[in-house]
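Below is upload.cif, which holds mmCIF, C-alpha atoms.
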data_protein
loop_
_atom_site.label_atom_id
_atom_site.label_comp_id
_atom_site.auth_asym_id
_atom_site.auth_seq_id
_atom_site.Cartn_x
_atom_site.Cartn_y
_atom_site.Cartn_z
CA MET A 1187 0.00 0.00 0.00
CA VAL A 1188 1.24 3.46 -0.87
CA HIS A 1189 1.46 5.83 2.08
CA PHE A 1190 0.52 9.43 1.46
CA THR A 1191 1.30 12.01 4.13
CA ALA A 1192 -1.40 14.43 5.23
CA GLU A 1193 0.36 17.20 3.29
CA GLU A 1194 0.48 15.11 0.13
CA LYS A 1195 -3.22 14.30 0.39
CA ALA A 1196 -4.07 17.96 0.99
CA ALA A 1197 -1.91 19.09 -1.93
CA VAL A 1198 -3.49 16.58 -4.32
CA ALA A 1199 -7.04 17.40 -3.21
CA SER A 1200 -6.52 21.16 -3.42
CA LEU A 1201 -5.28 21.02 -7.00
CA TRP A 1202 -7.90 18.46 -8.01
CA ALA A 1203 -10.69 20.78 -6.86
CA LYS A 1204 -9.61 23.28 -9.50
CA VAL A 1205 -9.32 20.82 -12.38
CA ASN A 1206 -11.92 20.98 -15.14
CA VAL A 1207 -12.20 17.24 -15.58
CA GLU A 1208 -13.84 17.44 -18.99
CA VAL A 1209 -11.25 19.77 -20.51
CA ALA A 1210 -8.26 18.21 -18.79
CA GLY A 1211 -9.46 14.68 -19.54
CA GLY A 1212 -9.67 15.34 -23.25
CA GLU A 1213 -6.28 17.03 -23.17
CA VAL A 1214 -4.66 14.12 -21.29
CA LEU A 1215 -6.00 11.40 -23.55
CA GLY A 1216 -5.39 13.47 -26.68
CA ARG A 1217 -1.77 14.06 -25.75
CA LEU A 1218 -1.29 10.34 -25.06
CA LEU A 1219 -2.51 9.54 -28.57
CA VAL A 1220 -0.32 12.25 -30.15
CA VAL A 1221 2.88 11.67 -28.21
CA TYR A 1222 2.66 7.86 -28.09
CA PRO A 1223 0.93 7.06 -31.39
CA TRP A 1224 0.85 3.29 -30.79
CA THR A 1225 -1.77 3.89 -28.13
CA GLN A 1226 -4.19 4.73 -30.92
CA ARG A 1227 -4.52 0.98 -31.48
CA PHE A 1228 -6.89 0.80 -28.51
CA PHE A 1229 -9.21 3.37 -30.01
CA ASP A 1230 -9.82 2.36 -33.60
CA THR A 1231 -13.55 3.04 -33.29
CA PHE A 1232 -12.86 6.68 -32.50
CA GLY A 1233 -12.76 7.91 -36.11
CA ASN A 1234 -10.25 10.45 -37.33
CA LEU A 1235 -6.97 10.31 -35.38
CA SER A 1236 -4.81 11.22 -38.35
CA SER A 1237 -3.22 14.42 -37.05
CA GLU A 1238 -2.72 16.35 -33.81
CA THR A 1239 -5.60 18.66 -34.71
CA ALA A 1240 -7.88 15.75 -35.51
CA ILE A 1241 -7.03 13.99 -32.26
CA MET A 1242 -7.33 17.01 -29.98
CA GLY A 1243 -10.62 17.99 -31.61
CA ASN A 1244 -12.11 14.48 -31.75
CA PRO A 1245 -15.31 14.39 -29.65
CA LYS A 1246 -14.88 10.70 -28.80
CA VAL A 1247 -11.39 11.38 -27.50
CA ARG A 1248 -12.76 14.18 -25.34
CA ALA A 1249 -15.63 12.11 -24.05
CA HIS A 1250 -13.44 9.16 -23.22
CA GLY A 1251 -10.78 11.40 -21.71
CA LYS A 1252 -13.42 12.85 -19.42
CA LYS A 1253 -14.48 9.33 -18.41
CA VAL A 1254 -10.90 8.29 -17.66
CA LEU A 1255 -10.13 11.40 -15.64
CA THR A 1256 -13.40 11.18 -13.74
CA SER A 1257 -12.32 7.70 -12.70
CA PHE A 1258 -9.02 9.21 -11.60
CA GLY A 1259 -11.02 11.49 -9.35
CA ASN A 1260 -12.01 8.33 -7.53
CA ALA A 1261 -8.35 7.73 -6.79
CA VAL A 1262 -8.13 11.15 -5.17
CA LYS A 1263 -10.97 10.18 -2.84
CA HIS A 1264 -9.50 6.76 -2.03
CA MET A 1265 -5.79 7.33 -1.83
CA ASP A 1266 -5.45 4.78 0.97
CA ASP A 1267 -7.24 2.06 -0.90
CA LEU A 1268 -6.29 2.21 -4.54
CA LYS A 1269 -5.99 -1.52 -5.20
CA SER A 1270 -9.58 -2.31 -4.34
CA THR A 1271 -10.84 0.91 -5.90
CA TYR A 1272 -9.33 -0.16 -9.21
CA SER A 1273 -9.82 -3.91 -8.89
CA GLN A 1274 -12.58 -4.24 -11.49
CA LEU A 1275 -11.04 -1.75 -13.90
CA SER A 1276 -7.82 -3.73 -13.63
CA GLU A 1277 -9.59 -6.94 -14.63
CA LEU A 1278 -11.34 -5.11 -17.47
CA HIS A 1279 -8.11 -3.69 -18.86
CA CYS A 1280 -6.47 -7.11 -18.72
CA ASP A 1281 -9.22 -9.51 -19.74
CA ARG A 1282 -11.28 -7.42 -22.14
CA LEU A 1283 -9.22 -4.49 -23.34
CA HIS A 1284 -5.79 -6.22 -23.41
CA VAL A 1285 -3.92 -3.04 -22.57
CA ASP A 1286 -0.21 -3.35 -21.76
CA PRO A 1287 0.04 -1.94 -18.22
CA GLU A 1288 3.11 0.06 -19.25
CA ASN A 1289 0.61 2.41 -20.89
CA PHE A 1290 -0.85 3.35 -17.49
CA LYS A 1291 2.47 4.95 -16.57
CA LEU A 1292 2.45 6.86 -19.85
CA LEU A 1293 -1.04 8.19 -19.13
CA GLY A 1294 0.13 9.16 -15.64
CA ASN A 1295 2.94 11.18 -17.21
CA MET A 1296 0.41 12.94 -19.43
CA ILE A 1297 -1.68 13.89 -16.41
CA LEU A 1298 1.34 15.52 -14.79
CA ILE A 1299 2.23 17.39 -17.96
CA VAL A 1300 -1.31 18.70 -18.44
CA LEU A 1301 -1.45 19.80 -14.79
CA ALA A 1302 1.90 21.55 -15.26
CA THR A 1303 0.65 23.42 -18.35
CA GLN A 1304 -2.55 24.43 -16.59
CA PHE A 1305 -1.28 25.34 -13.16
CA GLY A 1306 2.15 26.87 -13.83
CA ARG A 1307 3.54 28.36 -10.63
CA GLU A 1308 1.08 26.46 -8.50
CA PHE A 1309 2.54 23.17 -9.71
CA THR A 1310 5.36 23.32 -7.19
CA PRO A 1311 7.98 20.56 -6.77
CA GLN A 1312 6.07 19.23 -3.74
CA MET A 1313 2.84 19.24 -5.75
CA GLN A 1314 4.60 17.42 -8.59
CA ALA A 1315 6.03 14.85 -6.16
CA ALA A 1316 2.63 14.14 -4.60
CA TRP A 1317 0.95 13.78 -7.98
CA GLN A 1318 3.78 11.60 -9.31
CA LYS A 1319 3.30 9.30 -6.33
CA LEU A 1320 -0.45 9.14 -7.00
CA THR A 1321 -0.21 8.44 -10.72
CA THR A 1322 2.40 5.73 -10.12
CA ALA A 1323 0.19 4.18 -7.45
CA VAL A 1324 -2.88 4.25 -9.72
CA ALA A 1325 -0.85 2.65 -12.52
CA ASN A 1326 0.23 -0.10 -10.13
CA ALA A 1327 -3.33 -0.60 -8.87
CA LEU A 1328 -4.58 -0.90 -12.45
CA ALA A 1329 -1.93 -3.51 -13.18
CA TYR A 1330 -2.60 -5.44 -9.97
CA LYS A 1331 -5.18 -7.90 -11.29
CA TYR A 1332 -3.23 -8.74 -14.43
CA HIS A 1333 -2.43 -12.36 -15.04
CA MET B 1175 20.00 8.43 -33.97
CA VAL B 1176 16.78 10.26 -33.31
CA HIS B 1177 14.61 11.05 -36.29
CA LEU B 1178 12.84 14.34 -35.87
CA THR B 1179 10.83 15.69 -38.80
CA ALA B 1180 11.57 19.20 -40.02
CA ASP B 1181 8.47 20.40 -38.15
CA GLU B 1182 9.57 18.71 -34.94
CA LYS B 1183 13.06 20.21 -35.20
CA ALA B 1184 11.56 23.64 -35.76
CA ALA B 1185 9.17 23.20 -32.81
CA VAL B 1186 11.97 22.15 -30.46
CA SER B 1187 14.40 24.87 -31.59
CA GLY B 1188 11.68 27.48 -31.47
CA LEU B 1189 10.88 26.68 -27.87
CA TRP B 1190 14.50 26.20 -26.82
CA GLY B 1191 15.28 29.71 -28.06
CA LYS B 1192 13.02 31.04 -25.31
CA VAL B 1193 14.31 28.83 -22.52
CA ASN B 1194 16.33 30.44 -19.73
CA VAL B 1195 18.76 27.54 -19.54
CA ASP B 1196 20.25 28.59 -16.18
CA GLU B 1197 16.88 28.76 -14.48
CA VAL B 1198 15.24 25.78 -16.13
CA GLY B 1199 18.32 23.63 -15.52
CA GLY B 1200 18.26 24.31 -11.80
CA GLU B 1201 14.54 23.73 -11.64
CA ALA B 1202 14.70 20.44 -13.55
CA LEU B 1203 17.52 19.02 -11.44
CA GLY B 1204 15.89 20.27 -8.25
CA ARG B 1205 12.58 18.66 -9.11
CA LEU B 1206 14.35 15.38 -9.95
CA LEU B 1207 15.84 15.36 -6.45
CA VAL B 1208 12.48 16.19 -4.82
CA VAL B 1209 10.22 13.92 -6.85
CA TYR B 1210 12.62 10.94 -7.01
CA PRO B 1211 14.52 11.27 -3.71
CA TRP B 1212 16.83 8.31 -4.32
CA THR B 1213 18.58 10.42 -6.96
CA GLN B 1214 20.02 12.49 -4.11
CA ARG B 1215 22.52 9.68 -3.60
CA PHE B 1216 24.54 10.98 -6.54
CA PHE B 1217 24.87 14.43 -5.01
CA THR B 1218 26.03 13.84 -1.43
CA SER B 1219 28.58 16.65 -1.72
CA PHE B 1220 25.86 19.21 -2.47
CA GLY B 1221 25.04 20.09 1.13
CA ASP B 1222 21.51 20.62 2.38
CA LEU B 1223 18.95 18.58 0.41
CA SER B 1224 16.75 17.90 3.42
CA ASN B 1225 13.48 19.28 2.06
CA ALA B 1226 11.99 20.71 -1.14
CA ALA B 1227 12.79 24.32 -0.24
CA ALA B 1228 16.40 23.43 0.59
CA VAL B 1229 16.80 21.49 -2.65
CA MET B 1230 15.27 24.16 -4.89
CA GLY B 1231 17.31 26.91 -3.22
CA ASN B 1232 20.59 24.99 -3.12
CA SER B 1233 23.25 26.86 -5.14
CA LYS B 1234 25.11 23.68 -6.11
CA VAL B 1235 21.89 22.17 -7.45
CA LYS B 1236 21.29 25.30 -9.51
CA ALA B 1237 24.84 25.36 -10.83
CA HIS B 1238 24.83 21.70 -11.72
CA GLY B 1239 21.37 21.93 -13.26
CA LYS B 1240 22.63 24.71 -15.50
CA LYS B 1241 25.58 22.53 -16.54
CA VAL B 1242 23.31 19.56 -17.32
CA LEU B 1243 20.87 21.61 -19.34
CA ASN B 1244 23.60 23.33 -21.34
CA SER B 1245 24.80 19.89 -22.24
CA PHE B 1246 21.26 19.00 -23.31
CA GLY B 1247 21.36 22.06 -25.55
CA GLU B 1248 24.40 20.58 -27.26
CA GLY B 1249 22.28 17.57 -28.10
CA LEU B 1250 19.83 19.86 -29.77
CA LYS B 1251 22.54 21.17 -32.08
CA ASN B 1252 23.59 17.63 -33.00
CA LEU B 1253 20.34 15.76 -33.49
CA ASP B 1254 21.86 13.58 -36.19
CA ASN B 1255 24.64 12.41 -33.96
CA LEU B 1256 23.48 12.18 -30.38
CA LYS B 1257 25.49 9.05 -29.65
CA GLY B 1258 28.72 10.73 -30.75
CA THR B 1259 27.87 13.96 -28.95
CA PHE B 1260 27.24 12.18 -25.63
CA ALA B 1261 29.88 9.43 -25.96
CA SER B 1262 32.32 10.73 -23.36
CA LEU B 1263 29.54 11.80 -20.99
CA SER B 1264 28.14 8.28 -21.33
CA GLU B 1265 31.46 6.77 -20.32
CA LEU B 1266 31.73 9.20 -17.42
CA HIS B 1267 28.27 8.36 -16.10
CA CYS B 1268 29.00 4.65 -16.33
CA ASP B 1269 32.65 4.35 -15.27
CA LYS B 1270 33.03 7.20 -12.79
CA LEU B 1271 29.59 8.28 -11.60
CA HIS B 1272 27.87 4.84 -11.64
CA VAL B 1273 24.47 6.28 -12.49
CA ASP B 1274 21.71 3.82 -13.40
CA PRO B 1275 20.70 4.89 -16.92
CA GLU B 1276 17.04 4.63 -15.94
CA ASN B 1277 17.59 7.95 -14.20
CA PHE B 1278 18.25 9.67 -17.53
CA LYS B 1279 14.65 8.95 -18.52
CA LEU B 1280 13.43 10.36 -15.22
CA LEU B 1281 15.38 13.57 -15.79
CA GLY B 1282 13.93 13.76 -19.29
CA ASN B 1283 10.41 13.46 -17.85
CA VAL B 1284 11.08 16.16 -15.30
CA LEU B 1285 12.48 18.45 -17.99
CA VAL B 1286 9.31 18.00 -20.06
CA ILE B 1287 7.20 18.87 -17.01
CA VAL B 1288 9.27 21.99 -16.28
CA LEU B 1289 8.89 23.14 -19.88
CA ALA B 1290 5.14 22.44 -19.69
CA ARG B 1291 4.94 24.52 -16.53
CA HIS B 1292 6.85 27.43 -18.03
CA PHE B 1293 5.20 27.52 -21.41
CA GLY B 1294 1.62 26.52 -20.60
CA LYS B 1295 -0.59 26.47 -23.69
CA GLU B 1296 2.42 27.10 -25.92
CA PHE B 1297 3.62 23.61 -24.94
CA THR B 1298 1.28 22.04 -27.46
CA PRO B 1299 0.93 18.27 -27.90
CA GLN B 1300 3.14 18.53 -30.98
CA VAL B 1301 5.90 20.41 -29.17
CA GLN B 1302 5.59 17.96 -26.28
CA GLY B 1303 5.90 15.01 -28.63
CA ALA B 1304 9.01 16.45 -30.26
CA PHE B 1305 10.64 17.19 -26.91
CA GLN B 1306 9.88 13.77 -25.51
CA LYS B 1307 11.47 12.21 -28.59
CA LEU B 1308 14.56 14.35 -28.06
CA ALA B 1309 14.74 13.59 -24.33
CA LEU B 1310 14.49 9.88 -25.02
CA GLY B 1311 17.17 10.18 -27.71
CA VAL B 1312 19.51 11.91 -25.27
CA ALA B 1313 18.78 9.33 -22.55
CA THR B 1314 19.53 6.51 -25.00
CA ALA B 1315 22.73 8.21 -26.17
CA LEU B 1316 23.87 8.64 -22.56
CA ALA B 1317 23.30 4.94 -21.94
CA HIS B 1318 25.03 3.88 -25.13
CA LYS B 1319 28.55 3.43 -23.76
CA TYR B 1320 27.45 1.51 -20.70
CA HIS B 1321 28.98 -1.88 -20.22
#

Can you give me the file's structure in the form of structure tokens?
Amino acid sequence: MVHFTAEEKAAVASLWAKVNVEVAGGEVLGRLLVVYPWTQRFFDTFGNLSSETAIMGNPKVRAHGKKVLTSFGNAVKHMDDLKSTYSQLSELHCDRLHVDPENFKLLGNMILIVLATQFGREFTPQMQAAWQKLTTAVANALAYKYH
Amino acid sequence: MVHLTADEKAAVSGLWGKVNVDEVGGEALGRLLVVYPWTQRFFTSFGDLSNAAAVMGNSKVKAHGKKVLNSFGEGLKNLDNLKGTFASLSELHCDKLHVDPENFKLLGNVLVIVLARHFGKEFTPQVQGAFQKLALGVATALAHKYH
């Protein structure tokens, strides 16, 4: 189990409260698809992903990004219990979606980058450290049920 | 050898022209030491690294960060020959400094986050993609002479 200090939990929650999940979600998923193009293989029903503009403007990318980041919001509420929070999603990603768990770390990196672009000065080193810990822990929780 | 398209090269050079290398270098190295605390083991002669404020304000961290980022800038001028450019630094990091090459990827990630923080919206998915490619190329080049 990952141990978050009280300060880390407070830092994560305070930034999360200011995140526009819909906008940030689309941005996070879009950037994943642009920067790591092989990830597009999981989204071949999403239509036009042929260029950065197409990806960032794609309504299915935005909708799914929102869904993914909303789920991440669950992590923020259950930082002490990530493995069980993500237990079913972990099984889904393994058994149905066949996603290499390495990709969860890549998505985590995208979340940090989008937060950095959006929050600038407020994204202090301590804030970055707390969020890095959280995204790594979520990635591990999502990989936990893999077999 | 890293293959950047003409657009990617232009994107990276365009952004790099606006980077305050002294400042960004110190920030990137500082954040590495805060977010991934085990990296402090390579800098035991740097004095006070006991908390985030101490790390970010440490003059040796700033000076060394500047040195590291200037070296990164050299990579940018030699995109077609990163392995040659970083050959002696690679040997140094292996034979003298004993740095696990995994840490080069971590520094690359931190650098991308610092640039995202500084440039906000200007750090578009395309620019991010180009920079990540470059950072990975440099990390690979630095690992190349390891044995």

Given the point (25.9, 5.5, -11.6) in the file's coordinates, find the residues that have an atom at most 12 Å from it, counting all atoms listed in the file, and give them as a PyMOL selection string.
chain B and resi 1212-1217+1263-1278+1316-1317+1320-1321

12 Å contacts from chain A to chain B using only C-alpha atoms, as a VMD selection string:
chain A and resid 1212 to 1223 1237 to 1242 1291 to 1292 1294 to 1320 1322

Please measure the separation of atom CA of Cys1280 of chain A and atom CA of Ala1261 of chain A, giving the value in Å to one decimal.
19.1 Å

Determine the residue membership of the PyMOL selection byres ((chain B and resi 1255) around 12) for the file above and supply it as a PyMOL selection string.
chain B and resi 1175-1177+1248-1254+1256-1261+1308+1311-1312+1314-1315

Run the PyMOL selection byres ((chain B and resi 1239) around 7) against the file shown and list the residues it catches, as a PDB file with C-alpha atoms, in the coordinates of the input.
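The resulting expr_14.pdb:
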ATOM      1  CA  GLY B1199      18.320  23.630 -15.520  1.00  0.00           C
ATOM      2  CA  GLY B1200      18.260  24.310 -11.800  1.00  0.00           C
ATOM      3  CA  ALA B1202      14.700  20.440 -13.550  1.00  0.00           C
ATOM      4  CA  LEU B1203      17.520  19.020 -11.440  1.00  0.00           C
ATOM      5  CA  VAL B1235      21.890  22.170  -7.450  1.00  0.00           C
ATOM      6  CA  LYS B1236      21.290  25.300  -9.510  1.00  0.00           C
ATOM      7  CA  ALA B1237      24.840  25.360 -10.830  1.00  0.00           C
ATOM      8  CA  HIS B1238      24.830  21.700 -11.720  1.00  0.00           C
ATOM      9  CA  LYS B1240      22.630  24.710 -15.500  1.00  0.00           C
ATOM     10  CA  LYS B1241      25.580  22.530 -16.540  1.00  0.00           C
ATOM     11  CA  VAL B1242      23.310  19.560 -17.320  1.00  0.00           C
ATOM     12  CA  LEU B1243      20.870  21.610 -19.340  1.00  0.00           C
TER      13      LEU B1243
END

I would like the residues chosen by the PyMOL selection byres ((chain A and resi 1191) around 12) on the shown file; could you give them as a PyMOL selection string?
chain A and resi 1188-1190+1192-1198+1265-1266+1312+1315-1316+1319-1320

With C-alpha atoms kept, could you save the residues just selected as a PDB file, in the frame of the given file?
ATOM      1  CA  VAL A1188       1.240   3.460  -0.870  1.00  0.00           C
ATOM      2  CA  HIS A1189       1.460   5.830   2.080  1.00  0.00           C
ATOM      3  CA  PHE A1190       0.520   9.430   1.460  1.00  0.00           C
ATOM      4  CA  ALA A1192      -1.400  14.430   5.230  1.00  0.00           C
ATOM      5  CA  GLU A1193       0.360  17.200   3.290  1.00  0.00           C
ATOM      6  CA  GLU A1194       0.480  15.110   0.130  1.00  0.00           C
ATOM      7  CA  LYS A1195      -3.220  14.300   0.390  1.00  0.00           C
ATOM      8  CA  ALA A1196      -4.070  17.960   0.990  1.00  0.00           C
ATOM      9  CA  ALA A1197      -1.910  19.090  -1.930  1.00  0.00           C
ATOM     10  CA  VAL A1198      -3.490  16.580  -4.320  1.00  0.00           C
ATOM     11  CA  MET A1265      -5.790   7.330  -1.830  1.00  0.00           C
ATOM     12  CA  ASP A1266      -5.450   4.780   0.970  1.00  0.00           C
ATOM     13  CA  GLN A1312       6.070  19.230  -3.740  1.00  0.00           C
ATOM     14  CA  ALA A1315       6.030  14.850  -6.160  1.00  0.00           C
ATOM     15  CA  ALA A1316       2.630  14.140  -4.600  1.00  0.00           C
ATOM     16  CA  LYS A1319       3.300   9.300  -6.330  1.00  0.00           C
ATOM     17  CA  LEU A1320      -0.450   9.140  -7.000  1.00  0.00           C
TER      18      LEU A1320
END

Hey, could you pull the box centre and edge lengths for segment 1256-1264 of chain A, axis-aligned, 6 Å padding per side, all listed atoms, to one decimal in Å, as lines of an AutoDock Vina configuration file?
center_x = -10.8
center_y = 9.1
center_z = -7.9
size_x = 17.3
size_y = 16.7
size_z = 23.7

Interatomic distance between atom CA of Ser1257 of chain A and atom CA of Asp1286 of chain A?
18.7 Å

Fewer than 4 positions away in the same chain doesn't count, so skip those; otherwise give me all residues within 8 Å of segment 1227-1232 of chain A, counting only C-alpha atoms, as a VMD selection string.
chain A and resid 1244 1246 to 1247 1283 1285

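Atom CA of Glu1288 of chain A is positioned 10.3 Å from atom CA of Leu1328 of chain A.
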
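Nearest to Glu1277 of chain A of all the residues A:Ala1329, A:Val1205, A:Leu1293, A:Ala1323 is A:Ala1329, counting only C-alpha atoms.
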
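Nearest residue to Leu1201 of chain A, choosing from A:Tyr1330, A:Pro1287, A:Val1262, A:Ser1276 and counting all atoms listed in the file: A:Val1262.
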